[in-house]
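Below: one structure, written as structure tokens.
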Protein chains: 2
Amino acid sequence: MSTEHEKLVDELLLKSRELSTETVMFHTAIGILRDLSAVESKVLDYVARLGPLTPKELAEYAGLAPASITALIDRLERKQMVTRSPHPDDRRKVLVGVEEETIERAVSLWDHIVAATRELANDYSESELRTVIGFLERAAAVTHESTLRLTSRSLE
Amino acid sequence: MSTEHEKLVDELLLKSRELSTETVMFHTAIGILRDLSAVESKVLDYVARLGPLTPKELAEYAGLAPASITALIDRLERKQMVTRSPHPDDRRKVLVGVEEETIERAVSLWDHIVAATRELANDYSESELRTVIGFLERAAAVTHESTLRLTSRSLE
DNA sequence: TCGAATATTTCGATGTATCGAATAATTCCG
DNA sequence: CGGAATTATTCGATACATCGAAATATTCGA
């Protein structure tokens with residue numbers, strides 16, 4: 001037997017997985033449109049979120065060899081998505097920063113999904129929104145935890 | 001000025017994006033752990049969901065040339081994740097199916113996230129679950145639509 | 001029946017991401 | 001000051017995914 005609550009939980013899992021699949025396809029489409037590999041997207045994301053970083057830092061974040069990062073930055077620079085500038089304190093170092101236009105172009109790719117989600121959200125009361133927000137936050141935490149478990153397992 | 005409802009919508013967008021990012025990282029980790037490229041994962045997913053398919057069908061779904069699919073199936077077969085079998089009705093064709101063990105191993109990678117989500121869901125009333133389920137469903141639809149827009153744009 | 005069409009594979013070529021090792025420039029420190 | 005350490009790049013090598021064209025086997029249709 002199965003209670004109504006259990007049925008709803010099963011349904012929740014199903015819908016979660018479906019959204020998960022759609023999310024991956026969305027990000028894949030964005031990558032293709034920007035002509036970026038998964039690694040390049042990741043590096044660009046780090047720089048966009050953390051500000052200018054050195055090649056060494058990027059190599060550590062992305063798990064690549066120094067030579068690989070140099071080549072990767074070369075590619076992004078050729079596409080005019082990042083720029084190299086000398087580090088003000090240490091002349092051995094280089095700072096890699098994203099071009100403002102790169103960010104703008106990326107944001108515009110999200111325009112539709114943001115607008116559609118906004119519209120969707122208008123159908124929900126404040127109380128309902130709080131419920132959904134709470135769930136999304138916890139789901140993100142659970143997903144993060146699960147990713148950590150997977151990546152640590154691969155180091156055994 | 002900004003109403004309470006508007007603030008909540010902004011928060012919803014923020015949490016959605018965070019979950020989105022975590023989801024991509026989770027899938028990336030799974031791909032690395034299974035030693036599969038993004039394309040290989042996609043092909044494996046098609047076969048797992050739609051049942052045995054021919055190389056031609058897979059080539060169309062994945063957007064690859066026939067020769068590329070042959071090589072891709074070779075790789076998956078070498079890893080014992082799929083098997084080729086003759087098509088019963090047309091001896092020119094080949095059917096590519098996933099190994100049962102491949103599915104089992106994949107499911108086990110989801111064990112933790114499923115269990116944690118189940119536990120999380122227990123804190124929610126039936127009414128709240130329905131609210132969240134409804135949102136996830138619509139978010140998936142919105143994401144799907146957005147992906148379609150992106151991919152069609154690239155064909156202009 | 002027999003030529004055209006279809007499905008798949010093989011082969012060779014190409015582009016590209018990644019890496020280790022060597023190099024150059026700079027900083028750190030004893 | 002001067003050698004060791006650090007940072008980034010260059011270079012050459014390697015691995016690999018992808019592709020077009022040719023080859024093979026089979027089916028379809030006039």
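In the structure tokens, each chain is lettered A, B, ... as it comes, each chain's residues begin at 1, and ligands are numbered from 1 in order of appearance.
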Could you pull out the alpha helix (DSSP H) residues of chain A, going by DSSP on the backbone, and write them as a ChimeraX atom specification?
/A:4-34,38-50,55-62,66-78,100-109,111-121,126-153
Run DSSP on the backbone and give me the residues of range 27-148 of chain A it puts in strand (DSSP E or B), as an MDAnalysis selection string.
chainID A and resid 53 82:86 94:98
At most 8 Å is the cut-off: for each residue in chain D with any atom that close to an atom of chain B, write down the nearest atom pair and the distance in Å rounded to one decimal, counting only C-alpha atoms (C1' of nucleotides), chain first then increasing number, as CSV.
```
residue,atom,partner,partner_atom,distance
D:DA17,C1',B:Ser68,CA,7.8
D:DT18,C1',B:Ser68,CA,6.0
D:DC19,C1',B:Ala65,CA,7.0
D:DA25,C1',B:Arg92,CA,6.7
D:DT26,C1',B:Arg92,CA,5.2
D:DT27,C1',B:Asp90,CA,7.7
```
Deliver the residues from the most recent selection as a file, using all heavy atoms, as a short mmCIF file (atom, residue, chain, number, x, y, z; two decimals), in the first residue's frame.
```
data_model
loop_
_atom_site.label_atom_id
_atom_site.label_comp_id
_atom_site.auth_asym_id
_atom_site.auth_seq_id
_atom_site.Cartn_x
_atom_site.Cartn_y
_atom_site.Cartn_z
P DA D 17 37.11 9.58 -28.26
OP1 DA D 17 36.80 9.00 -26.95
OP2 DA D 17 37.34 8.68 -29.41
"O5'" DA D 17 35.96 10.62 -28.64
"C5'" DA D 17 36.11 11.98 -28.27
"C4'" DA D 17 35.72 12.87 -29.42
"O4'" DA D 17 36.81 12.99 -30.35
"C3'" DA D 17 34.53 12.37 -30.23
"O3'" DA D 17 33.63 13.45 -30.47
"C2'" DA D 17 35.15 11.84 -31.52
"C1'" DA D 17 36.37 12.72 -31.68
N9 DA D 17 37.48 12.09 -32.39
C8 DA D 17 38.00 10.85 -32.20
N7 DA D 17 39.01 10.56 -32.99
C5 DA D 17 39.16 11.70 -33.76
C6 DA D 17 40.06 12.03 -34.78
N6 DA D 17 41.02 11.21 -35.23
N1 DA D 17 39.95 13.26 -35.33
C2 DA D 17 38.99 14.09 -34.88
N3 DA D 17 38.09 13.89 -33.93
C4 DA D 17 38.23 12.66 -33.40
P DT D 18 32.18 13.19 -31.03
OP1 DT D 18 31.28 14.14 -30.35
OP2 DT D 18 31.92 11.73 -30.98
"O5'" DT D 18 32.28 13.62 -32.55
"C5'" DT D 18 32.80 14.91 -32.89
"C4'" DT D 18 33.22 14.95 -34.33
"O4'" DT D 18 34.43 14.18 -34.49
"C3'" DT D 18 32.23 14.32 -35.31
"O3'" DT D 18 31.46 15.34 -35.93
"C2'" DT D 18 33.12 13.58 -36.32
"C1'" DT D 18 34.52 13.86 -35.86
N1 DT D 18 35.47 12.70 -35.98
C2 DT D 18 36.48 12.78 -36.90
O2 DT D 18 36.66 13.75 -37.61
N3 DT D 18 37.30 11.67 -36.95
C4 DT D 18 37.19 10.53 -36.19
O4 DT D 18 37.99 9.60 -36.32
C5 DT D 18 36.09 10.51 -35.24
C7 DT D 18 35.88 9.32 -34.36
C6 DT D 18 35.30 11.59 -35.19
P DC D 19 30.26 15.00 -36.93
OP1 DC D 19 29.37 16.18 -36.99
OP2 DC D 19 29.73 13.68 -36.56
"O5'" DC D 19 31.00 14.88 -38.34
"C5'" DC D 19 31.81 15.95 -38.78
"C4'" DC D 19 32.63 15.54 -39.96
"O4'" DC D 19 33.61 14.56 -39.53
"C3'" DC D 19 31.83 14.87 -41.06
"O3'" DC D 19 31.62 15.78 -42.13
"C2'" DC D 19 32.68 13.65 -41.49
"C1'" DC D 19 33.92 13.73 -40.64
N1 DC D 19 34.36 12.42 -40.09
C2 DC D 19 35.55 11.84 -40.55
O2 DC D 19 36.21 12.43 -41.39
N3 DC D 19 35.94 10.63 -40.05
C4 DC D 19 35.19 10.03 -39.13
N4 DC D 19 35.62 8.86 -38.67
C5 DC D 19 33.97 10.61 -38.65
C6 DC D 19 33.59 11.79 -39.16
P DA D 25 30.10 -8.16 -48.40
OP1 DA D 25 30.76 -9.29 -47.74
OP2 DA D 25 30.01 -8.08 -49.88
"O5'" DA D 25 28.63 -8.03 -47.83
"C5'" DA D 25 28.43 -7.62 -46.48
"C4'" DA D 25 26.98 -7.26 -46.27
"O4'" DA D 25 26.72 -5.97 -46.87
"C3'" DA D 25 25.99 -8.23 -46.91
"O3'" DA D 25 25.08 -8.67 -45.91
"C2'" DA D 25 25.32 -7.44 -48.02
"C1'" DA D 25 25.47 -6.01 -47.53
N9 DA D 25 25.51 -4.99 -48.58
C8 DA D 25 26.29 -4.97 -49.70
N7 DA D 25 26.11 -3.91 -50.46
C5 DA D 25 25.15 -3.19 -49.79
C6 DA D 25 24.51 -1.95 -50.06
N6 DA D 25 24.77 -1.23 -51.16
N1 DA D 25 23.59 -1.52 -49.18
C2 DA D 25 23.33 -2.25 -48.10
N3 DA D 25 23.86 -3.43 -47.72
C4 DA D 25 24.76 -3.84 -48.63
P DT D 26 24.02 -9.79 -46.22
OP1 DT D 26 23.84 -10.54 -44.96
OP2 DT D 26 24.39 -10.46 -47.48
"O5'" DT D 26 22.69 -8.96 -46.47
"C5'" DT D 26 22.28 -8.02 -45.49
"C4'" DT D 26 21.22 -7.10 -46.06
"O4'" DT D 26 21.79 -6.30 -47.12
"C3'" DT D 26 20.01 -7.80 -46.67
"O3'" DT D 26 18.91 -7.60 -45.81
"C2'" DT D 26 19.83 -7.13 -48.03
"C1'" DT D 26 20.72 -5.90 -47.92
N1 DT D 26 21.28 -5.38 -49.19
C2 DT D 26 20.86 -4.18 -49.65
O2 DT D 26 20.02 -3.50 -49.06
N3 DT D 26 21.43 -3.77 -50.83
C4 DT D 26 22.38 -4.45 -51.57
O4 DT D 26 22.82 -3.98 -52.61
C5 DT D 26 22.78 -5.72 -51.03
C7 DT D 26 23.80 -6.53 -51.76
C6 DT D 26 22.22 -6.12 -49.88
P DT D 27 17.51 -8.26 -46.10
OP1 DT D 27 16.87 -8.53 -44.80
OP2 DT D 27 17.71 -9.35 -47.08
"O5'" DT D 27 16.73 -7.08 -46.82
"C5'" DT D 27 16.60 -5.84 -46.12
"C4'" DT D 27 16.00 -4.81 -47.04
"O4'" DT D 27 16.91 -4.56 -48.16
"C3'" DT D 27 14.66 -5.19 -47.65
"O3'" DT D 27 13.74 -4.14 -47.39
"C2'" DT D 27 14.96 -5.35 -49.15
"C1'" DT D 27 16.15 -4.40 -49.32
N1 DT D 27 17.05 -4.71 -50.46
C2 DT D 27 17.29 -3.74 -51.40
O2 DT D 27 16.76 -2.64 -51.37
N3 DT D 27 18.16 -4.11 -52.40
C4 DT D 27 18.81 -5.32 -52.54
O4 DT D 27 19.56 -5.53 -53.47
C5 DT D 27 18.51 -6.29 -51.51
C7 DT D 27 19.16 -7.65 -51.58
C6 DT D 27 17.66 -5.95 -50.54
#
```
Using only C-alpha atoms (C1' of nucleotides), determine which residues of chain C fall within 12 Å of chain A; present them as a PyMOL selection string.
chain C and resi 16-21+24-28
Please identify every residue of chain A that has at least one atom no more than 8 Å from any atom of chain B, counting only C-alpha atoms, and report them as a count of residues only.
53
Between C1' of DG20 in chain D and C1' of DC11 in chain C, what distance in Å does the model show, to one decimal?
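These atoms are spaced 10.6 Å apart.
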Separation of CA of Arg105 in chain A from CA of Gly51 in chain A in Å:
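Those two atoms sit 17.5 Å apart.
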Which residue gives the smallest distance to Pro88 in chain A among A:Val39, A:Gly31, A:Ile103, A:Pro52, with only C-alpha atoms counted?
A:Pro52
